[in-house]
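Here is run_11.pdb, consisting of PDB, C-alpha atoms:
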```
ATOM      1  CA  MET A 551     149.459 151.375 153.065  1.00  0.00           C
ATOM      2  CA  ASP A 552     146.734 151.662 150.451  1.00  0.00           C
ATOM      3  CA  VAL A 553     145.689 155.309 150.425  1.00  0.00           C
ATOM      4  CA  GLN A 554     142.638 155.910 148.230  1.00  0.00           C
ATOM      5  CA  ILE A 555     143.778 158.774 146.040  1.00  0.00           C
ATOM      6  CA  GLU A 556     143.737 159.420 142.283  1.00  0.00           C
ATOM      7  CA  PRO A 557     146.495 157.412 140.483  1.00  0.00           C
ATOM      8  CA  SER A 558     148.569 160.343 139.153  1.00  0.00           C
ATOM      9  CA  TRP A 559     148.802 161.761 142.673  1.00  0.00           C
ATOM     10  CA  LYS A 560     149.446 158.338 144.167  1.00  0.00           C
ATOM     11  CA  GLU A 561     152.510 158.041 141.937  1.00  0.00           C
ATOM     12  CA  VAL A 562     153.790 161.574 142.669  1.00  0.00           C
ATOM     13  CA  LEU A 563     153.291 161.203 146.440  1.00  0.00           C
ATOM     14  CA  LYS A 564     154.032 157.494 146.844  1.00  0.00           C
ATOM     15  CA  ASN A 565     157.024 158.058 149.123  1.00  0.00           C
ATOM     16  CA  GLU A 566     154.949 160.116 151.580  1.00  0.00           C
ATOM     17  CA  PHE A 567     152.444 157.412 152.456  1.00  0.00           C
ATOM     18  CA  THR A 568     155.014 155.227 154.186  1.00  0.00           C
ATOM     19  CA  LYS A 569     156.755 157.994 156.128  1.00  0.00           C
ATOM     20  CA  GLN A 570     156.423 158.077 159.887  1.00  0.00           C
ATOM     21  CA  TYR A 571     154.578 161.406 160.003  1.00  0.00           C
ATOM     22  CA  PHE A 572     151.889 160.122 157.608  1.00  0.00           C
ATOM     23  CA  LEU A 573     151.420 156.907 159.574  1.00  0.00           C
ATOM     24  CA  GLU A 574     151.002 159.067 162.681  1.00  0.00           C
ATOM     25  CA  ILE A 575     148.283 161.105 160.921  1.00  0.00           C
ATOM     26  CA  VAL A 576     146.401 157.893 160.114  1.00  0.00           C
ATOM     27  CA  THR A 577     146.754 156.676 163.700  1.00  0.00           C
ATOM     28  CA  PHE A 578     145.545 160.005 165.077  1.00  0.00           C
ATOM     29  CA  LEU A 579     142.450 159.987 162.853  1.00  0.00           C
ATOM     30  CA  LYS A 580     141.629 156.408 163.900  1.00  0.00           C
ATOM     31  CA  ILE A 581     141.895 157.420 167.561  1.00  0.00           C
ATOM     32  CA  GLU A 582     139.567 160.387 166.942  1.00  0.00           C
ATOM     33  CA  LYS A 583     137.042 158.103 165.249  1.00  0.00           C
ATOM     34  CA  ASN A 584     137.228 155.448 167.952  1.00  0.00           C
ATOM     35  CA  ALA A 585     136.692 158.140 170.582  1.00  0.00           C
ATOM     36  CA  GLY A 586     133.468 159.167 168.858  1.00  0.00           C
ATOM     37  CA  LYS A 587     134.822 162.506 167.636  1.00  0.00           C
ATOM     38  CA  ALA A 588     133.234 163.969 164.508  1.00  0.00           C
ATOM     39  CA  VAL A 589     135.930 164.807 161.983  1.00  0.00           C
ATOM     40  CA  TYR A 590     135.412 166.774 158.761  1.00  0.00           C
ATOM     41  CA  PRO A 591     135.428 166.202 155.877  1.00  0.00           C
ATOM     42  CA  PRO A 592     134.150 162.601 155.864  1.00  0.00           C
ATOM     43  CA  GLY A 593     136.868 160.030 155.223  1.00  0.00           C
ATOM     44  CA  PRO A 594     136.160 159.452 151.502  1.00  0.00           C
ATOM     45  CA  LEU A 595     136.415 163.221 150.881  1.00  0.00           C
ATOM     46  CA  ILE A 596     139.702 163.929 152.688  1.00  0.00           C
ATOM     47  CA  PHE A 597     141.587 163.701 149.362  1.00  0.00           C
ATOM     48  CA  ASN A 598     138.764 165.153 147.247  1.00  0.00           C
ATOM     49  CA  ALA A 599     140.948 168.029 145.970  1.00  0.00           C
ATOM     50  CA  PHE A 600     143.365 165.492 144.488  1.00  0.00           C
ATOM     51  CA  ASN A 601     140.632 163.270 143.093  1.00  0.00           C
ATOM     52  CA  GLN A 602     138.917 166.195 141.350  1.00  0.00           C
ATOM     53  CA  THR A 603     142.111 167.809 140.015  1.00  0.00           C
ATOM     54  CA  HIS A 604     144.581 165.284 138.681  1.00  0.00           C
ATOM     55  CA  PHE A 605     148.276 166.129 138.872  1.00  0.00           C
ATOM     56  CA  ASP A 606     148.611 166.261 135.086  1.00  0.00           C
ATOM     57  CA  ASN A 607     145.746 168.773 134.827  1.00  0.00           C
ATOM     58  CA  ILE A 608     146.790 171.414 137.379  1.00  0.00           C
ATOM     59  CA  LYS A 609     146.677 174.974 136.051  1.00  0.00           C
ATOM     60  CA  VAL A 610     145.943 176.959 139.222  1.00  0.00           C
ATOM     61  CA  VAL A 611     146.362 176.391 142.967  1.00  0.00           C
ATOM     62  CA  ILE A 612     144.140 178.182 145.498  1.00  0.00           C
ATOM     63  CA  LEU A 613     145.515 177.567 148.972  1.00  0.00           C
ATOM     64  CA  GLY A 614     143.277 177.508 152.041  1.00  0.00           C
ATOM     65  CA  GLN A 615     144.137 176.826 155.676  1.00  0.00           C
ATOM     66  CA  ASP A 616     141.899 174.132 157.158  1.00  0.00           C
ATOM     67  CA  PRO A 617     138.439 172.719 156.415  1.00  0.00           C
ATOM     68  CA  TYR A 618     135.181 174.281 157.566  1.00  0.00           C
ATOM     69  CA  HIS A 619     134.310 172.863 160.971  1.00  0.00           C
ATOM     70  CA  ASN A 620     130.505 172.980 160.972  1.00  0.00           C
ATOM     71  CA  PRO A 621     128.384 169.943 159.997  1.00  0.00           C
ATOM     72  CA  GLY A 622     127.808 169.355 156.290  1.00  0.00           C
ATOM     73  CA  GLN A 623     130.164 172.065 155.031  1.00  0.00           C
ATOM     74  CA  ALA A 624     133.587 170.579 154.280  1.00  0.00           C
ATOM     75  CA  HIS A 625     134.104 168.272 151.326  1.00  0.00           C
ATOM     76  CA  GLY A 626     137.845 168.441 150.786  1.00  0.00           C
ATOM     77  CA  LEU A 627     138.059 171.525 148.553  1.00  0.00           C
ATOM     78  CA  SER A 628     139.402 174.800 149.951  1.00  0.00           C
ATOM     79  CA  PHE A 629     136.779 177.549 150.359  1.00  0.00           C
ATOM     80  CA  SER A 630     134.092 175.223 148.923  1.00  0.00           C
ATOM     81  CA  VAL A 631     131.030 173.760 150.650  1.00  0.00           C
ATOM     82  CA  GLN A 632     128.747 170.882 149.811  1.00  0.00           C
ATOM     83  CA  ASN A 633     125.577 171.256 147.779  1.00  0.00           C
ATOM     84  CA  GLY A 634     122.723 172.841 149.675  1.00  0.00           C
ATOM     85  CA  VAL A 635     125.011 174.713 152.090  1.00  0.00           C
ATOM     86  CA  LYS A 636     124.972 178.502 152.079  1.00  0.00           C
ATOM     87  CA  PRO A 637     128.318 179.986 150.978  1.00  0.00           C
ATOM     88  CA  PRO A 638     130.348 181.053 154.062  1.00  0.00           C
ATOM     89  CA  PRO A 639     131.506 184.689 154.416  1.00  0.00           C
ATOM     90  CA  SER A 640     134.935 184.230 152.790  1.00  0.00           C
ATOM     91  CA  LEU A 641     133.368 182.558 149.761  1.00  0.00           C
ATOM     92  CA  VAL A 642     130.747 185.301 149.553  1.00  0.00           C
ATOM     93  CA  ASN A 643     133.613 187.798 149.293  1.00  0.00           C
ATOM     94  CA  ILE A 644     135.326 185.673 146.626  1.00  0.00           C
ATOM     95  CA  TYR A 645     132.079 185.819 144.652  1.00  0.00           C
ATOM     96  CA  LYS A 646     131.952 189.604 145.101  1.00  0.00           C
ATOM     97  CA  GLU A 647     135.451 189.939 143.666  1.00  0.00           C
ATOM     98  CA  ILE A 648     134.573 187.714 140.698  1.00  0.00           C
ATOM     99  CA  ARG A 649     131.502 189.841 140.001  1.00  0.00           C
ATOM    100  CA  SER A 650     133.585 193.022 140.198  1.00  0.00           C
ATOM    101  CA  ASP A 651     136.501 191.611 138.203  1.00  0.00           C
ATOM    102  CA  LEU A 652     134.700 189.675 135.465  1.00  0.00           C
ATOM    103  CA  ASN A 653     131.130 190.974 135.614  1.00  0.00           C
ATOM    104  CA  ILE A 654     129.893 187.448 136.297  1.00  0.00           C
ATOM    105  CA  ALA A 655     126.808 186.980 138.451  1.00  0.00           C
ATOM    106  CA  MET A 656     127.618 184.351 141.077  1.00  0.00           C
ATOM    107  CA  PRO A 657     124.904 182.209 142.723  1.00  0.00           C
ATOM    108  CA  VAL A 658     124.117 183.141 146.325  1.00  0.00           C
ATOM    109  CA  GLY A 659     122.862 179.603 146.997  1.00  0.00           C
ATOM    110  CA  ASN A 660     125.696 177.539 145.546  1.00  0.00           C
ATOM    111  CA  GLY A 661     129.032 177.227 147.337  1.00  0.00           C
ATOM    112  CA  ASN A 662     130.244 174.066 145.621  1.00  0.00           C
ATOM    113  CA  LEU A 663     133.415 174.819 143.646  1.00  0.00           C
ATOM    114  CA  THR A 664     133.817 171.376 142.074  1.00  0.00           C
ATOM    115  CA  HIS A 665     133.342 172.988 138.634  1.00  0.00           C
ATOM    116  CA  TRP A 666     136.581 174.914 139.185  1.00  0.00           C
ATOM    117  CA  ALA A 667     138.444 171.852 140.430  1.00  0.00           C
ATOM    118  CA  GLN A 668     137.500 169.829 137.368  1.00  0.00           C
ATOM    119  CA  GLN A 669     139.031 172.507 135.130  1.00  0.00           C
ATOM    120  CA  GLY A 670     142.431 172.294 136.797  1.00  0.00           C
ATOM    121  CA  VAL A 671     142.056 174.535 139.866  1.00  0.00           C
ATOM    122  CA  LEU A 672     143.582 172.629 142.790  1.00  0.00           C
ATOM    123  CA  LEU A 673     141.592 173.761 145.844  1.00  0.00           C
ATOM    124  CA  LEU A 674     144.135 172.745 148.455  1.00  0.00           C
ATOM    125  CA  ASN A 675     143.815 173.178 152.197  1.00  0.00           C
ATOM    126  CA  ALA A 676     147.139 173.093 154.048  1.00  0.00           C
ATOM    127  CA  ILE A 677     145.421 171.034 156.763  1.00  0.00           C
ATOM    128  CA  LEU A 678     143.128 168.320 155.417  1.00  0.00           C
ATOM    129  CA  THR A 679     140.955 167.494 158.446  1.00  0.00           C
ATOM    130  CA  VAL A 680     139.393 169.216 161.445  1.00  0.00           C
ATOM    131  CA  ARG A 681     137.456 168.195 164.551  1.00  0.00           C
ATOM    132  CA  ALA A 682     133.843 169.356 164.529  1.00  0.00           C
ATOM    133  CA  ASN A 683     133.376 172.882 165.885  1.00  0.00           C
ATOM    134  CA  GLU A 684     137.088 173.247 166.686  1.00  0.00           C
ATOM    135  CA  PRO A 685     138.899 175.261 164.007  1.00  0.00           C
ATOM    136  CA  ALA A 686     142.579 174.394 163.522  1.00  0.00           C
ATOM    137  CA  SER A 687     142.204 171.406 165.867  1.00  0.00           C
ATOM    138  CA  HIS A 688     144.228 169.193 163.498  1.00  0.00           C
ATOM    139  CA  SER A 689     146.832 171.809 162.585  1.00  0.00           C
ATOM    140  CA  LYS A 690     149.613 170.053 164.505  1.00  0.00           C
ATOM    141  CA  ILE A 691     149.065 166.422 163.475  1.00  0.00           C
ATOM    142  CA  GLY A 692     151.372 166.475 160.441  1.00  0.00           C
ATOM    143  CA  TRP A 693     149.178 167.497 157.543  1.00  0.00           C
ATOM    144  CA  MET A 694     151.390 170.460 156.671  1.00  0.00           C
ATOM    145  CA  ASN A 695     154.335 168.118 156.103  1.00  0.00           C
ATOM    146  CA  PHE A 696     152.164 166.431 153.493  1.00  0.00           C
ATOM    147  CA  THR A 697     150.737 169.521 151.812  1.00  0.00           C
ATOM    148  CA  ASP A 698     154.090 171.338 151.786  1.00  0.00           C
ATOM    149  CA  THR A 699     155.373 168.329 149.855  1.00  0.00           C
ATOM    150  CA  VAL A 700     152.396 168.643 147.488  1.00  0.00           C
ATOM    151  CA  ILE A 701     153.256 172.292 146.777  1.00  0.00           C
ATOM    152  CA  THR A 702     156.936 171.450 146.331  1.00  0.00           C
ATOM    153  CA  LYS A 703     156.139 168.588 143.938  1.00  0.00           C
ATOM    154  CA  ILE A 704     153.961 170.888 141.819  1.00  0.00           C
ATOM    155  CA  SER A 705     156.723 173.488 141.803  1.00  0.00           C
ATOM    156  CA  ASP A 706     159.434 170.987 140.897  1.00  0.00           C
ATOM    157  CA  GLU A 707     157.625 168.847 138.339  1.00  0.00           C
ATOM    158  CA  LYS A 708     155.322 171.285 136.564  1.00  0.00           C
ATOM    159  CA  LYS A 709     155.648 174.628 134.788  1.00  0.00           C
ATOM    160  CA  GLY A 710     153.473 177.724 134.471  1.00  0.00           C
ATOM    161  CA  VAL A 711     151.129 176.996 137.383  1.00  0.00           C
ATOM    162  CA  ILE A 712     149.419 180.048 138.897  1.00  0.00           C
ATOM    163  CA  PHE A 713     149.393 180.082 142.703  1.00  0.00           C
ATOM    164  CA  LEU A 714     146.787 182.294 144.371  1.00  0.00           C
ATOM    165  CA  LEU A 715     147.985 183.036 147.907  1.00  0.00           C
ATOM    166  CA  TRP A 716     145.434 184.873 150.039  1.00  0.00           C
ATOM    167  CA  GLY A 717     146.362 185.986 153.531  1.00  0.00           C
ATOM    168  CA  LYS A 718     149.463 185.731 155.696  1.00  0.00           C
ATOM    169  CA  PHE A 719     149.244 181.974 156.193  1.00  0.00           C
ATOM    170  CA  ALA A 720     149.178 181.327 152.444  1.00  0.00           C
ATOM    171  CA  HIS A 721     151.868 183.946 151.783  1.00  0.00           C
ATOM    172  CA  GLU A 722     154.291 181.895 153.886  1.00  0.00           C
ATOM    173  CA  LYS A 723     154.058 179.069 151.326  1.00  0.00           C
ATOM    174  CA  GLN A 724     155.639 181.299 148.664  1.00  0.00           C
ATOM    175  CA  LEU A 725     159.055 180.000 149.725  1.00  0.00           C
ATOM    176  CA  LEU A 726     158.115 176.552 148.382  1.00  0.00           C
ATOM    177  CA  ILE A 727     157.420 177.839 144.867  1.00  0.00           C
ATOM    178  CA  ASP A 728     160.005 178.322 142.107  1.00  0.00           C
ATOM    179  CA  GLU A 729     158.971 181.703 140.717  1.00  0.00           C
ATOM    180  CA  THR A 730     161.336 181.383 137.783  1.00  0.00           C
ATOM    181  CA  LYS A 731     158.842 178.986 136.181  1.00  0.00           C
ATOM    182  CA  HIS A 732     155.548 179.609 138.009  1.00  0.00           C
ATOM    183  CA  PHE A 733     153.341 182.620 138.783  1.00  0.00           C
ATOM    184  CA  VAL A 734     152.446 183.808 142.294  1.00  0.00           C
ATOM    185  CA  LEU A 735     149.553 186.230 142.881  1.00  0.00           C
ATOM    186  CA  LYS A 736     149.215 187.483 146.461  1.00  0.00           C
ATOM    187  CA  ALA A 737     146.403 189.343 148.191  1.00  0.00           C
ATOM    188  CA  ALA A 738     144.754 189.732 151.568  1.00  0.00           C
ATOM    189  CA  HIS A 739     142.513 186.918 152.773  1.00  0.00           C
ATOM    190  CA  PRO A 740     138.873 187.107 151.587  1.00  0.00           C
ATOM    191  CA  SER A 741     137.626 186.863 155.177  1.00  0.00           C
ATOM    192  CA  PRO A 742     135.321 189.716 156.262  1.00  0.00           C
ATOM    193  CA  PHE A 743     138.095 190.768 158.661  1.00  0.00           C
ATOM    194  CA  SER A 744     140.595 191.453 155.868  1.00  0.00           C
ATOM    195  CA  ALA A 745     138.932 191.457 152.430  1.00  0.00           C
ATOM    196  CA  ASP A 746     138.915 195.254 152.276  1.00  0.00           C
ATOM    197  CA  LYS A 747     142.666 195.328 152.996  1.00  0.00           C
ATOM    198  CA  GLY A 748     143.669 194.155 149.524  1.00  0.00           C
ATOM    199  CA  PHE A 749     141.511 191.231 148.457  1.00  0.00           C
ATOM    200  CA  PHE A 750     138.784 193.360 146.941  1.00  0.00           C
ATOM    201  CA  GLY A 751     140.202 194.798 143.746  1.00  0.00           C
ATOM    202  CA  CYS A 752     143.008 192.236 143.396  1.00  0.00           C
ATOM    203  CA  LYS A 753     141.553 191.029 140.065  1.00  0.00           C
ATOM    204  CA  HIS A 754     143.156 187.630 140.521  1.00  0.00           C
ATOM    205  CA  PHE A 755     140.526 185.895 138.414  1.00  0.00           C
ATOM    206  CA  SER A 756     141.054 187.953 135.262  1.00  0.00           C
ATOM    207  CA  LYS A 757     144.825 187.964 135.855  1.00  0.00           C
ATOM    208  CA  THR A 758     144.798 184.164 136.150  1.00  0.00           C
ATOM    209  CA  ASN A 759     142.948 183.791 132.874  1.00  0.00           C
ATOM    210  CA  GLY A 760     145.309 186.240 131.210  1.00  0.00           C
ATOM    211  CA  LEU A 761     148.320 184.205 132.325  1.00  0.00           C
ATOM    212  CA  LEU A 762     146.714 180.972 131.124  1.00  0.00           C
ATOM    213  CA  THR A 763     145.906 182.494 127.745  1.00  0.00           C
ATOM    214  CA  GLN A 764     149.502 183.745 127.408  1.00  0.00           C
ATOM    215  CA  GLN A 765     150.621 180.124 127.780  1.00  0.00           C
ATOM    216  CA  GLY A 766     148.187 178.889 125.145  1.00  0.00           C
ATOM    217  CA  LEU A 767     145.953 177.266 127.773  1.00  0.00           C
ATOM    218  CA  SER A 768     142.208 177.576 128.029  1.00  0.00           C
ATOM    219  CA  PRO A 769     141.029 180.053 130.689  1.00  0.00           C
ATOM    220  CA  ILE A 770     139.014 178.988 133.729  1.00  0.00           C
ATOM    221  CA  ASP A 771     135.245 179.337 133.527  1.00  0.00           C
ATOM    222  CA  TRP A 772     134.674 180.840 136.969  1.00  0.00           C
ATOM    223  CA  LYS A 773     130.912 181.004 136.569  1.00  0.00           C
ATOM    224  CA  LEU A 774     128.853 178.724 138.817  1.00  0.00           C
ATOM    225  CA  LEU A 775     125.242 177.844 138.197  1.00  0.00           C
ATOM    226  CA  THR A 776     122.390 178.246 140.647  1.00  0.00           C
ATOM    227  CA  PRO A 777     121.562 174.760 141.941  1.00  0.00           C
TER     228      PRO A 777
END
```
Would you write the structure of this file as structure tokens?
Amino acid sequence: MDVQIEPSWKEVLKNEFTKQYFLEIVTFLKIEKNAGKAVYPPGPLIFNAFNQTHFDNIKVVILGQDPYHNPGQAHGLSFSVQNGVKPPPSLVNIYKEIRSDLNIAMPVGNGNLTHWAQQGVLLLNAILTVRANEPASHSKIGWMNFTDTVITKISDEKKGVIFLLWGKFAHEKQLLIDETKHFVLKAAHPSPFSADKGFFGCKHFSKTNGLLTQQGLSPIDWKLLTP
């Protein structure tokens, strides 16, 4: 089948698109659409993380769980929201940590992290779609088979990638990463329920840039502009 995804990823993942589990995902999403269910993000943005961050350009992976489930929020990048949408609580806490860590003023009105993605930060949700107003509603349709393969491919075929794993769900993906050639930074989830249990003060943003610089790579410009 002809999946619309950036060419470098299409090559890396080509075997996945014909597997039974992936065909079942496509069938499920068609059934949802035909039943009049609202599914986020919109179809053209389901693979936005891959289209914004090409396989050859990956420096950092920030792993989320599933997309935001309210209208107009999700656009295929973990923790990110579309232009004009107020940053959700977890992203607000991410901004607080960046301010504390790097002394960068982050915009309260801009939650679009595309600027990070275009610098090589893969903003990957483990589950790529969700039914409107029903968090985790697509968690069992097969997406994690696909995204576990994505993580494994990055681990196997690249070197020196920095994985930021926030919260228990993300921590479980550590088993897929070869830590003899990659870096794993773990912390609590930035959600208001857990940010004060180890996310605040983790300094992952300065640590990430330090690790990139050690490898002779340009650091990430974490600053976002006010829209």
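What the PyMOL selection byres ((chain A and resi 587-601) around 6) picks from this file is A:Glu556, A:Glu582, A:Lys583, A:Ala585, A:Gly586, A:Gln602, A:Thr603, A:His604, A:Ala624, A:His625, A:Gly626, A:Leu627, A:Leu673, A:Thr679, A:Val680, A:Arg681, A:Ala682.
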### Task
Report the residues retrieved by the PyMOL selection byres ((chain A and resi 639) around 10) from the displayed file, expressed as number ranges by chain.
A: 629, 636-638, 640-645, 740-743
### Query
Expressed in Å to a single decimal, how great is the separation between atom CA of A:Thr664 and atom CA of A:His732?
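About the pair atom CA of A:Thr664 and atom CA of A:His732: they are 23.6 Å apart.
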### Message
Ranking A:Gly717, A:Ser558, A:Asp728, A:Asn584 by minimum distance to A:Ser744 and counting all atoms listed in the file, which one comes first?
### Response
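The answer is A:Gly717, which sits nearest to A:Ser744.
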### Contacts of A:Phe605 at 12 Å (only C-alpha atoms; same-chain gap of 4+ positions) as a ChimeraX atom specification
/A:555-563,599-601,609-611,667-672,700-701,703-705,707-709,711
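Interatomic distance, atom CA of A:Val658 to atom CA of A:Asn607: 28.4 Å.
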### Query
Please, which residues are within 8 Å of (136.1, 190.3, 139.7) by the file's coordinates, counting only C-alpha atoms, and could they come as a ChimeraX atom specification?
/A:645-654,751,753-756
### Task
Have a look at atom CA of A:Leu735 and atom CA of A:Leu714 and let me know their distance in Å, one decimal.
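Going from atom CA of A:Leu735 over to atom CA of A:Leu714 covers 5.0 Å.
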### Message
Just want the 9 Å neighbourhood of A:Ala738, counted on all atoms listed in the file, with same-chain residues fewer than 6 positions away dropped. Output as a ChimeraX atom specification.
### Response
/A:715-718,744-750,752
